[in-house]
Amino acid sequence: KNGARDEVERAFSQWARRWRRMLRAVLPGGEAGTAASWSDPEVRKLCAALWRDFADPLGAETGASSAAARRCLALFRTEARGAADVAARRGSAPAEWAFVPAADLLLIVGEGLVGSTLEGVFADALPSQKRLPFASAIF
């Protein structure tokens, strides 16, 4: 089975393979009968880091095609609300993103590896594999 898995993984870019390893490490194995809730802190950290790794380079590039990418990313950004922004009045940094398409990202990057249900998200990992915290999986 590992030979077939390695063959499938070679079809993905190096960037995607790195994230697929993290998905497999952080998300629970589907055969274990559990899914991690979307509110699970490790899932939230994983999704936020994946989004930043995807969106930040697109926003930093220059050229005509990157202007189109920035325009598309603007759909997900928060609007400046000035004095009406409660977070800014409390002294915390304002939210940069109004919406992060976490499920979409996980299903695209984790094609054939990640599953999603109403209960949460899981990965095709060995049932005996213990979940790693995101901070451990990223290194």
# chains A, B, ... in the order shown; residues from 1 in each chain; ligands from 1
>>> residues_around(residues="A:Asp56", least_positions_apart="3", cutoff="12 Å", atoms="only C-alpha atoms", output="PyMOL selection string")
chain A and resi 48-53+59-61+66+69-70+73+96-97
>>> atom_distance(atom1="atom CA of A:Ala25", atom2="atom CA of A:Ser37")
15.6 Å
>>> select_by_dssp(residues="chain A", states="alpha helix (DSSP H)", output="ChimeraX atom specification")
/A:2-9,14-26,41-60,64-73,86-89,102-109,134-137
>>> closest_residue(among="A:Ala11, A:Leu46, A:Ala36, A:Ala135", to="A:Ala102", atoms="only C-alpha atoms")
A:Leu46
>>> residues_around(residues="A:Trp15", least_positions_apart="2", cutoff="10 Å", atoms="only C-alpha atoms", output="list of chain:residue names")
A:Phe12, A:Ser13, A:Arg17, A:Arg18, A:Trp19, A:Arg20, A:Asp53, A:Phe54, A:Val109
>>> atom_distance(atom1="atom CA of A:Ala67", atom2="atom CA of A:Ala55")
13.0 Å
>>> residues_around(residues="A:Thr117", least_positions_apart="5", cutoff="12 Å", atoms="only C-alpha atoms", output="number ranges by chain")
A: 30, 33-38, 103, 107, 122-123
>>> write_last_selection(atoms="all heavy atoms", output="PDB file, in the first residue's frame")
ATOM      1  N   GLY A  30      -9.507   8.475   9.502  1.00  0.00           N
ATOM      2  CA  GLY A  30     -10.924   8.219   9.291  1.00  0.00           C
ATOM      3  C   GLY A  30     -11.374   6.849   9.772  1.00  0.00           C
ATOM      4  O   GLY A  30     -12.508   6.671  10.199  1.00  0.00           O
ATOM      5  N   GLY A  33     -12.895   6.188  13.262  1.00  0.00           N
ATOM      6  CA  GLY A  33     -14.281   6.502  13.555  1.00  0.00           C
ATOM      7  C   GLY A  33     -14.507   7.875  14.140  1.00  0.00           C
ATOM      8  O   GLY A  33     -15.580   8.169  14.625  1.00  0.00           O
ATOM      9  N   THR A  34     -13.493   8.718  14.104  1.00  0.00           N
ATOM     10  CA  THR A  34     -13.662  10.063  14.644  1.00  0.00           C
ATOM     11  C   THR A  34     -13.243  11.092  13.607  1.00  0.00           C
ATOM     12  O   THR A  34     -12.409  10.828  12.753  1.00  0.00           O
ATOM     13  CB  THR A  34     -12.803  10.284  15.900  1.00  0.00           C
ATOM     14  OG1 THR A  34     -11.423  10.107  15.559  1.00  0.00           O
ATOM     15  CG2 THR A  34     -13.182   9.332  17.006  1.00  0.00           C
ATOM     16  N   ALA A  35     -13.840  12.221  13.696  1.00  0.00           N
ATOM     17  CA  ALA A  35     -13.451  13.365  12.875  1.00  0.00           C
ATOM     18  C   ALA A  35     -13.163  14.512  13.831  1.00  0.00           C
ATOM     19  O   ALA A  35     -13.796  14.626  14.879  1.00  0.00           O
ATOM     20  CB  ALA A  35     -14.576  13.735  11.912  1.00  0.00           C
ATOM     21  N   ALA A  36     -12.204  15.330  13.485  1.00  0.00           N
ATOM     22  CA  ALA A  36     -11.901  16.503  14.310  1.00  0.00           C
ATOM     23  C   ALA A  36     -12.907  17.589  13.969  1.00  0.00           C
ATOM     24  O   ALA A  36     -13.139  17.895  12.801  1.00  0.00           O
ATOM     25  CB  ALA A  36     -10.477  16.983  14.043  1.00  0.00           C
ATOM     26  N   SER A  37     -13.489  18.164  14.984  1.00  0.00           N
ATOM     27  CA  SER A  37     -14.454  19.241  14.807  1.00  0.00           C
ATOM     28  C   SER A  37     -13.795  20.426  14.114  1.00  0.00           C
ATOM     29  O   SER A  37     -12.598  20.667  14.274  1.00  0.00           O
ATOM     30  CB  SER A  37     -14.991  19.659  16.173  1.00  0.00           C
ATOM     31  OG  SER A  37     -15.643  20.887  16.092  1.00  0.00           O
ATOM     32  N   TRP A  38     -14.585  21.196  13.372  1.00  0.00           N
ATOM     33  CA  TRP A  38     -14.049  22.393  12.719  1.00  0.00           C
ATOM     34  C   TRP A  38     -13.592  23.427  13.737  1.00  0.00           C
ATOM     35  O   TRP A  38     -12.795  24.306  13.424  1.00  0.00           O
ATOM     36  CB  TRP A  38     -15.081  23.003  11.768  1.00  0.00           C
ATOM     37  CG  TRP A  38     -15.244  22.163  10.546  1.00  0.00           C
ATOM     38  CD1 TRP A  38     -16.286  21.328  10.256  1.00  0.00           C
ATOM     39  CD2 TRP A  38     -14.323  22.025   9.466  1.00  0.00           C
ATOM     40  NE1 TRP A  38     -16.069  20.700   9.062  1.00  0.00           N
ATOM     41  CE2 TRP A  38     -14.871  21.110   8.551  1.00  0.00           C
ATOM     42  CE3 TRP A  38     -13.085  22.597   9.182  1.00  0.00           C
ATOM     43  CZ2 TRP A  38     -14.223  20.759   7.373  1.00  0.00           C
ATOM     44  CZ3 TRP A  38     -12.452  22.231   8.009  1.00  0.00           C
ATOM     45  CH2 TRP A  38     -13.014  21.332   7.124  1.00  0.00           C
ATOM     46  N   ALA A 103     -12.533  24.407   4.419  1.00  0.00           N
ATOM     47  CA  ALA A 103     -12.938  23.089   3.914  1.00  0.00           C
ATOM     48  C   ALA A 103     -12.501  22.920   2.465  1.00  0.00           C
ATOM     49  O   ALA A 103     -11.988  21.860   2.078  1.00  0.00           O
ATOM     50  CB  ALA A 103     -14.448  22.908   4.049  1.00  0.00           C
ATOM     51  N   LEU A 107      -9.853  20.045   1.181  1.00  0.00           N
ATOM     52  CA  LEU A 107     -10.292  19.048   0.205  1.00  0.00           C
ATOM     53  C   LEU A 107      -9.499  19.132  -1.100  1.00  0.00           C
ATOM     54  O   LEU A 107      -9.276  18.114  -1.757  1.00  0.00           O
ATOM     55  CB  LEU A 107     -11.789  19.189  -0.065  1.00  0.00           C
ATOM     56  CG  LEU A 107     -12.686  18.802   1.112  1.00  0.00           C
ATOM     57  CD1 LEU A 107     -14.135  19.160   0.812  1.00  0.00           C
ATOM     58  CD2 LEU A 107     -12.553  17.324   1.443  1.00  0.00           C
ATOM     59  N   PHE A 122     -11.302  14.624   8.643  1.00  0.00           N
ATOM     60  CA  PHE A 122     -10.410  13.507   8.968  1.00  0.00           C
ATOM     61  C   PHE A 122      -9.509  13.239   7.779  1.00  0.00           C
ATOM     62  O   PHE A 122      -9.728  13.766   6.684  1.00  0.00           O
ATOM     63  CB  PHE A 122     -11.215  12.251   9.333  1.00  0.00           C
ATOM     64  CG  PHE A 122     -12.161  11.816   8.254  1.00  0.00           C
ATOM     65  CD1 PHE A 122     -11.759  10.925   7.274  1.00  0.00           C
ATOM     66  CD2 PHE A 122     -13.457  12.308   8.210  1.00  0.00           C
ATOM     67  CE1 PHE A 122     -12.623  10.535   6.270  1.00  0.00           C
ATOM     68  CE2 PHE A 122     -14.335  11.924   7.217  1.00  0.00           C
ATOM     69  CZ  PHE A 122     -13.921  11.040   6.238  1.00  0.00           C
ATOM     70  N   ALA A 123      -8.475  12.447   8.005  1.00  0.00           N
ATOM     71  CA  ALA A 123      -7.527  12.110   6.942  1.00  0.00           C
ATOM     72  C   ALA A 123      -7.398  10.604   6.830  1.00  0.00           C
ATOM     73  O   ALA A 123      -7.699   9.858   7.767  1.00  0.00           O
ATOM     74  CB  ALA A 123      -6.157  12.728   7.231  1.00  0.00           C
TER      75      ALA A 123
END
>>> decode(residues="stretch 66-79 of chain A", atoms="N, CA, C and O atoms", output="PDB file, in the first residue's frame")
ATOM      1  N   SER A  66      -1.126  38.712 -11.259  1.00  0.00           N
ATOM      2  CA  SER A  66      -1.189  38.837  -9.800  1.00  0.00           C
ATOM      3  C   SER A  66      -2.172  39.923  -9.383  1.00  0.00           C
ATOM      4  O   SER A  66      -2.741  39.848  -8.301  1.00  0.00           O
ATOM      5  N   ALA A  67      -2.394  40.919 -10.222  1.00  0.00           N
ATOM      6  CA  ALA A  67      -3.415  41.925  -9.910  1.00  0.00           C
ATOM      7  C   ALA A  67      -4.790  41.267  -9.898  1.00  0.00           C
ATOM      8  O   ALA A  67      -5.621  41.557  -9.036  1.00  0.00           O
ATOM      9  N   ALA A  68      -5.016  40.347 -10.809  1.00  0.00           N
ATOM     10  CA  ALA A  68      -6.284  39.607 -10.840  1.00  0.00           C
ATOM     11  C   ALA A  68      -6.410  38.722  -9.599  1.00  0.00           C
ATOM     12  O   ALA A  68      -7.489  38.620  -9.007  1.00  0.00           O
ATOM     13  N   ALA A  69      -5.310  38.097  -9.191  1.00  0.00           N
ATOM     14  CA  ALA A  69      -5.331  37.251  -7.988  1.00  0.00           C
ATOM     15  C   ALA A  69      -5.627  38.092  -6.750  1.00  0.00           C
ATOM     16  O   ALA A  69      -6.414  37.680  -5.888  1.00  0.00           O
ATOM     17  N   ARG A  70      -5.009  39.263  -6.648  1.00  0.00           N
ATOM     18  CA  ARG A  70      -5.275  40.141  -5.497  1.00  0.00           C
ATOM     19  C   ARG A  70      -6.725  40.595  -5.473  1.00  0.00           C
ATOM     20  O   ARG A  70      -7.339  40.698  -4.422  1.00  0.00           O
ATOM     21  N   ARG A  71      -7.279  40.862  -6.652  1.00  0.00           N
ATOM     22  CA  ARG A  71      -8.686  41.262  -6.735  1.00  0.00           C
ATOM     23  C   ARG A  71      -9.589  40.125  -6.246  1.00  0.00           C
ATOM     24  O   ARG A  71     -10.552  40.353  -5.532  1.00  0.00           O
ATOM     25  N   CYS A  72      -9.257  38.905  -6.605  1.00  0.00           N
ATOM     26  CA  CYS A  72     -10.036  37.744  -6.138  1.00  0.00           C
ATOM     27  C   CYS A  72      -9.896  37.555  -4.628  1.00  0.00           C
ATOM     28  O   CYS A  72     -10.878  37.277  -3.936  1.00  0.00           O
ATOM     29  N   LEU A  73      -8.687  37.711  -4.107  1.00  0.00           N
ATOM     30  CA  LEU A  73      -8.470  37.578  -2.665  1.00  0.00           C
ATOM     31  C   LEU A  73      -9.207  38.648  -1.874  1.00  0.00           C
ATOM     32  O   LEU A  73      -9.579  38.433  -0.720  1.00  0.00           O
ATOM     33  N   ALA A  74      -9.429  39.798  -2.491  1.00  0.00           N
ATOM     34  CA  ALA A  74     -10.132  40.881  -1.811  1.00  0.00           C
ATOM     35  C   ALA A  74     -11.543  40.468  -1.396  1.00  0.00           C
ATOM     36  O   ALA A  74     -12.103  41.015  -0.439  1.00  0.00           O
ATOM     37  N   LEU A  75     -12.110  39.480  -2.083  1.00  0.00           N
ATOM     38  CA  LEU A  75     -13.434  38.977  -1.706  1.00  0.00           C
ATOM     39  C   LEU A  75     -13.440  38.387  -0.296  1.00  0.00           C
ATOM     40  O   LEU A  75     -14.471  38.355   0.368  1.00  0.00           O
ATOM     41  N   PHE A  76     -12.291  37.913   0.161  1.00  0.00           N
ATOM     42  CA  PHE A  76     -12.190  37.259   1.461  1.00  0.00           C
ATOM     43  C   PHE A  76     -11.720  38.195   2.571  1.00  0.00           C
ATOM     44  O   PHE A  76     -11.749  37.831   3.738  1.00  0.00           O
ATOM     45  N   ARG A  77     -11.258  39.383   2.228  1.00  0.00           N
ATOM     46  CA  ARG A  77     -10.720  40.320   3.219  1.00  0.00           C
ATOM     47  C   ARG A  77     -11.838  41.057   3.959  1.00  0.00           C
ATOM     48  O   ARG A  77     -12.922  41.245   3.443  1.00  0.00           O
ATOM     49  N   THR A  78     -11.514  41.483   5.173  1.00  0.00           N
ATOM     50  CA  THR A  78     -12.468  42.284   5.935  1.00  0.00           C
ATOM     51  C   THR A  78     -12.445  43.716   5.412  1.00  0.00           C
ATOM     52  O   THR A  78     -11.469  44.152   4.808  1.00  0.00           O
ATOM     53  N   GLU A  79     -13.501  44.418   5.667  1.00  0.00           N
ATOM     54  CA  GLU A  79     -13.550  45.826   5.309  1.00  0.00           C
ATOM     55  C   GLU A  79     -13.140  46.633   6.532  1.00  0.00           C
ATOM     56  O   GLU A  79     -13.457  46.274   7.659  1.00  0.00           O
TER      57      GLU A  79
END
